[in-house]
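Engineer: So here's input27.pdb (PDB, C-alpha atoms).
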```pdb
MODEL        1
ATOM      1  CA  MET Q   1       6.554   3.544  13.067  1.00  0.00           C
ATOM      2  CA  ASN Q   2       3.506   5.375  11.714  1.00  0.00           C
ATOM      3  CA  LEU Q   3       1.641   4.157   8.633  1.00  0.00           C
ATOM      4  CA  LEU Q   4       3.079   6.807   6.325  1.00  0.00           C
ATOM      5  CA  ASN Q   5       6.573   5.458   7.006  1.00  0.00           C
ATOM      6  CA  TYR Q   6       5.448   1.998   5.826  1.00  0.00           C
ATOM      7  CA  ILE Q   7       3.650   3.485   2.820  1.00  0.00           C
ATOM      8  CA  ASN Q   8       6.778   5.409   1.851  1.00  0.00           C
ATOM      9  CA  LEU Q   9       8.721   2.138   1.576  1.00  0.00           C
ATOM     10  CA  ILE Q  10       6.673   1.594  -1.583  1.00  0.00           C
ATOM     11  CA  LYS Q  11       7.895   3.965  -4.284  1.00  0.00           C
ATOM     12  CA  GLN Q  12       5.587   5.463  -6.908  1.00  0.00           C
ATOM     13  CA  GLY Q  13       4.892   3.165  -9.822  1.00  0.00           C
ATOM     14  CA  PHE Q  14       5.144  -0.622  -9.824  1.00  0.00           C
ATOM     15  CA  SER Q  15       6.824  -2.853  -7.259  1.00  0.00           C
ATOM     16  CA  GLU Q  16       6.775  -6.495  -6.265  1.00  0.00           C
ATOM     17  CA  VAL Q  17       6.532  -7.611  -2.665  1.00  0.00           C
ATOM     18  CA  VAL Q  18       6.191 -10.775  -0.636  1.00  0.00           C
ATOM     19  CA  TYR Q  19       3.439 -10.884   1.958  1.00  0.00           C
ATOM     20  CA  GLU Q  20       2.675 -13.989   4.024  1.00  0.00           C
ATOM     21  CA  GLY Q  21       4.854 -16.069   1.696  1.00  0.00           C
ATOM     22  CA  LYS Q  22       3.053 -14.963  -1.492  1.00  0.00           C
ATOM     23  CA  ARG Q  23       4.157 -12.553  -4.233  1.00  0.00           C
ATOM     24  CA  TYR Q  24       2.103  -9.442  -4.927  1.00  0.00           C
ATOM     25  CA  SER Q  25       2.276  -6.793  -7.620  1.00  0.00           C
ATOM     26  CA  VAL Q  26       1.872  -3.334  -6.071  1.00  0.00           C
ATOM     27  CA  THR Q  27       1.023  -0.064  -7.749  1.00  0.00           C
ATOM     28  CA  ARG Q  28       1.382   3.233  -5.904  1.00  0.00           C
ATOM     29  CA  THR Q  29       0.028   6.470  -7.323  1.00  0.00           C
ATOM     30  CA  ASP Q  30       0.427   9.834  -5.591  1.00  0.00           C
ATOM     31  CA  PHE Q  31      -1.887  12.797  -6.116  1.00  0.00           C
ATOM     32  CA  ASN Q  32      -2.002  16.392  -4.831  1.00  0.00           C
ATOM     33  CA  GLN Q  33       1.763  16.689  -4.251  1.00  0.00           C
ATOM     34  CA  GLY Q  34       1.786  13.478  -2.199  1.00  0.00           C
ATOM     35  CA  LYS Q  35      -1.138  14.408   0.045  1.00  0.00           C
ATOM     36  CA  SER Q  36      -3.274  11.626  -1.463  1.00  0.00           C
ATOM     37  CA  ILE Q  37      -1.818   8.163  -2.047  1.00  0.00           C
ATOM     38  CA  LYS Q  38      -3.480   5.160  -3.663  1.00  0.00           C
ATOM     39  CA  ILE Q  39      -2.010   1.684  -3.267  1.00  0.00           C
ATOM     40  CA  TYR Q  40      -3.321  -1.439  -4.956  1.00  0.00           C
ATOM     41  CA  ALA Q  41      -1.653  -4.818  -4.415  1.00  0.00           C
ATOM     42  CA  GLU Q  42      -2.721  -8.031  -6.123  1.00  0.00           C
ATOM     43  CA  GLU Q  43      -1.563 -11.534  -5.284  1.00  0.00           C
ATOM     44  CA  LEU Q  44       0.228 -13.039  -8.283  1.00  0.00           C
ATOM     45  CA  GLY Q  45      -1.399 -16.354  -9.171  1.00  0.00           C
ATOM     46  CA  GLY Q  46      -4.022 -15.947  -6.459  1.00  0.00           C
ATOM     47  CA  ASN Q  47      -7.191 -14.122  -5.501  1.00  0.00           C
ATOM     48  CA  ASP Q  48      -6.098 -11.818  -2.670  1.00  0.00           C
ATOM     49  CA  PHE Q  49      -5.734  -8.063  -3.010  1.00  0.00           C
ATOM     50  CA  ILE Q  50      -5.099  -5.005  -0.876  1.00  0.00           C
ATOM     51  CA  SER Q  51      -6.526  -1.621  -1.805  1.00  0.00           C
ATOM     52  CA  LEU Q  52      -6.249   1.632   0.111  1.00  0.00           C
ATOM     53  CA  ASN Q  53      -6.214   5.378  -0.063  1.00  0.00           C
ATOM     54  CA  TYR Q  54      -4.203   7.463   2.363  1.00  0.00           C
ATOM     55  CA  TYR Q  55      -4.800  11.193   2.863  1.00  0.00           C
ATOM     56  CA  LEU Q  56      -2.714  13.840   4.588  1.00  0.00           C
ATOM     57  CA  THR Q  57      -4.807  16.844   5.599  1.00  0.00           C
ATOM     58  CA  SER Q  58      -3.881  19.913   7.585  1.00  0.00           C
ATOM     59  CA  THR Q  59      -5.368  18.289  10.702  1.00  0.00           C
ATOM     60  CA  ALA Q  60      -5.120  14.522  10.259  1.00  0.00           C
ATOM     61  CA  GLU Q  61      -3.769  11.490   8.451  1.00  0.00           C
ATOM     62  CA  LEU Q  62      -6.562   9.275   7.152  1.00  0.00           C
ATOM     63  CA  LEU Q  63      -6.352   5.640   6.064  1.00  0.00           C
ATOM     64  CA  LYS Q  64      -9.287   4.570   3.893  1.00  0.00           C
ATOM     65  CA  PRO Q  65      -9.257   0.873   2.969  1.00  0.00           C
ATOM     66  CA  CYS Q  66     -11.266  -0.035  -0.127  1.00  0.00           C
ATOM     67  CA  GLU Q  67     -13.821  -2.782   0.548  1.00  0.00           C
ATOM     68  CA  MET Q  68     -11.794  -4.540   3.251  1.00  0.00           C
ATOM     69  CA  PRO Q  69     -11.108  -4.307   6.968  1.00  0.00           C
ATOM     70  CA  GLU Q  70      -8.615  -1.678   8.112  1.00  0.00           C
ATOM     71  CA  ASP Q  71      -6.752  -4.362  10.100  1.00  0.00           C
ATOM     72  CA  LYS Q  72      -5.986  -6.277   6.883  1.00  0.00           C
ATOM     73  CA  VAL Q  73      -4.513  -3.172   5.248  1.00  0.00           C
ATOM     74  CA  ILE Q  74      -2.437  -2.271   8.307  1.00  0.00           C
ATOM     75  CA  HIS Q  75      -1.124  -5.843   8.607  1.00  0.00           C
ATOM     76  CA  PHE Q  76      -0.084  -5.782   4.950  1.00  0.00           C
ATOM     77  CA  LEU Q  77       1.696  -2.429   5.307  1.00  0.00           C
ATOM     78  CA  GLN Q  78       3.555  -3.577   8.410  1.00  0.00           C
ATOM     79  CA  ASN Q  79       4.596  -6.973   7.047  1.00  0.00           C
ATOM     80  CA  PHE Q  80       5.323  -6.853   3.309  1.00  0.00           C
ATOM     81  CA  LYS Q  81       8.888  -7.305   2.045  1.00  0.00           C
ATOM     82  CA  LEU Q  82       9.874  -5.305  -1.027  1.00  0.00           C
ATOM     83  CA  LEU Q  83      11.370  -7.371  -3.872  1.00  0.00           C
ATOM     84  CA  ALA Q  84      11.754  -5.030  -6.829  1.00  0.00           C
ATOM     85  CA  HIS Q  85      10.824  -1.571  -8.010  1.00  0.00           C
ATOM     86  CA  LYS Q  86      10.192  -0.216 -11.480  1.00  0.00           C
ATOM     87  CA  SER Q  87       9.209   3.385 -12.166  1.00  0.00           C
ATOM     88  CA  VAL Q  88       6.201   4.106 -14.346  1.00  0.00           C
TER      89      VAL Q  88
ENDMDL
END
```
If you took the structure in this file and wrote it as structure tokens, what would it be?
Structural biologist:
Amino acid sequence: MNLLNYINLIKQGFSEVVYEGKRYSVTRTDFNQGKSIKIYAEELGGNDFISLNYYLTSTAELLKPCEMPEDKVIHFLQNFKLLAHKSV
């Protein structure tokens, strides 16, 4: 499964997920008709966070983690479990 498929499991707005046994609040915001996606996840009651931008261009798909290793972002996307979704 490519990364966009994992990203699309998170709907726009606010969601809650479990990742590595911990709950996270997740906010997804789409820009440019879905060609730019920002995801920010914050561990509830903890210090961990995940932050990324994802871009679809005419020639490539680009993952741009924000101040963290790409491997951490990819692991999160491939392993979170969605709990709830609320539209904003």
Engineer: Apply the PyMOL selection byres ((chain Q and resi 21) around 12) to the file shown and report the selected residues as a count of residues only.
Structural biologist: 13
Engineer: Looking at Q:Gly34, Q:Pro65, Q:Ala41, Q:Thr57, which one is nearest to Asn8 in chain Q, with distances taken over all atoms listed in the file?
Structural biologist: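 Between Q:Gly34, Q:Pro65, Q:Ala41, Q:Thr57, the residue approaching Asn8 in chain Q most closely is Q:Gly34.
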Engineer: What does the distance between CA of Asp71 in chain Q and CA of Tyr54 in chain Q come to in Å, to one decimal place?
Structural biologist: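 So the answer is 14.4 Å.
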Engineer: Could you spell out the hits of the PyMOL selection byres ((chain Q and resi 6) around 12) on the shown file, as number ranges by chain?
Structural biologist: Q: 1-5, 7-11, 39, 54, 73-82
Engineer: Please expand the PyMOL selection byres ((chain Q and resi 55) around 10) into the concrete residues it hits in this file, giving the result as a PyMOL selection string.
Structural biologist: chain Q and resi 4+31-32+34-38+53-54+56-58+60-64
Engineer: Would you please work out which residue, of Q:Leu83, Q:Gly46, Q:Thr59, Q:Ser51, is nearest to Glu16 in chain Q when using only C-alpha atoms?
Structural biologist: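 With only C-alpha atoms as the atom set, the closest residue is Q:Leu83.
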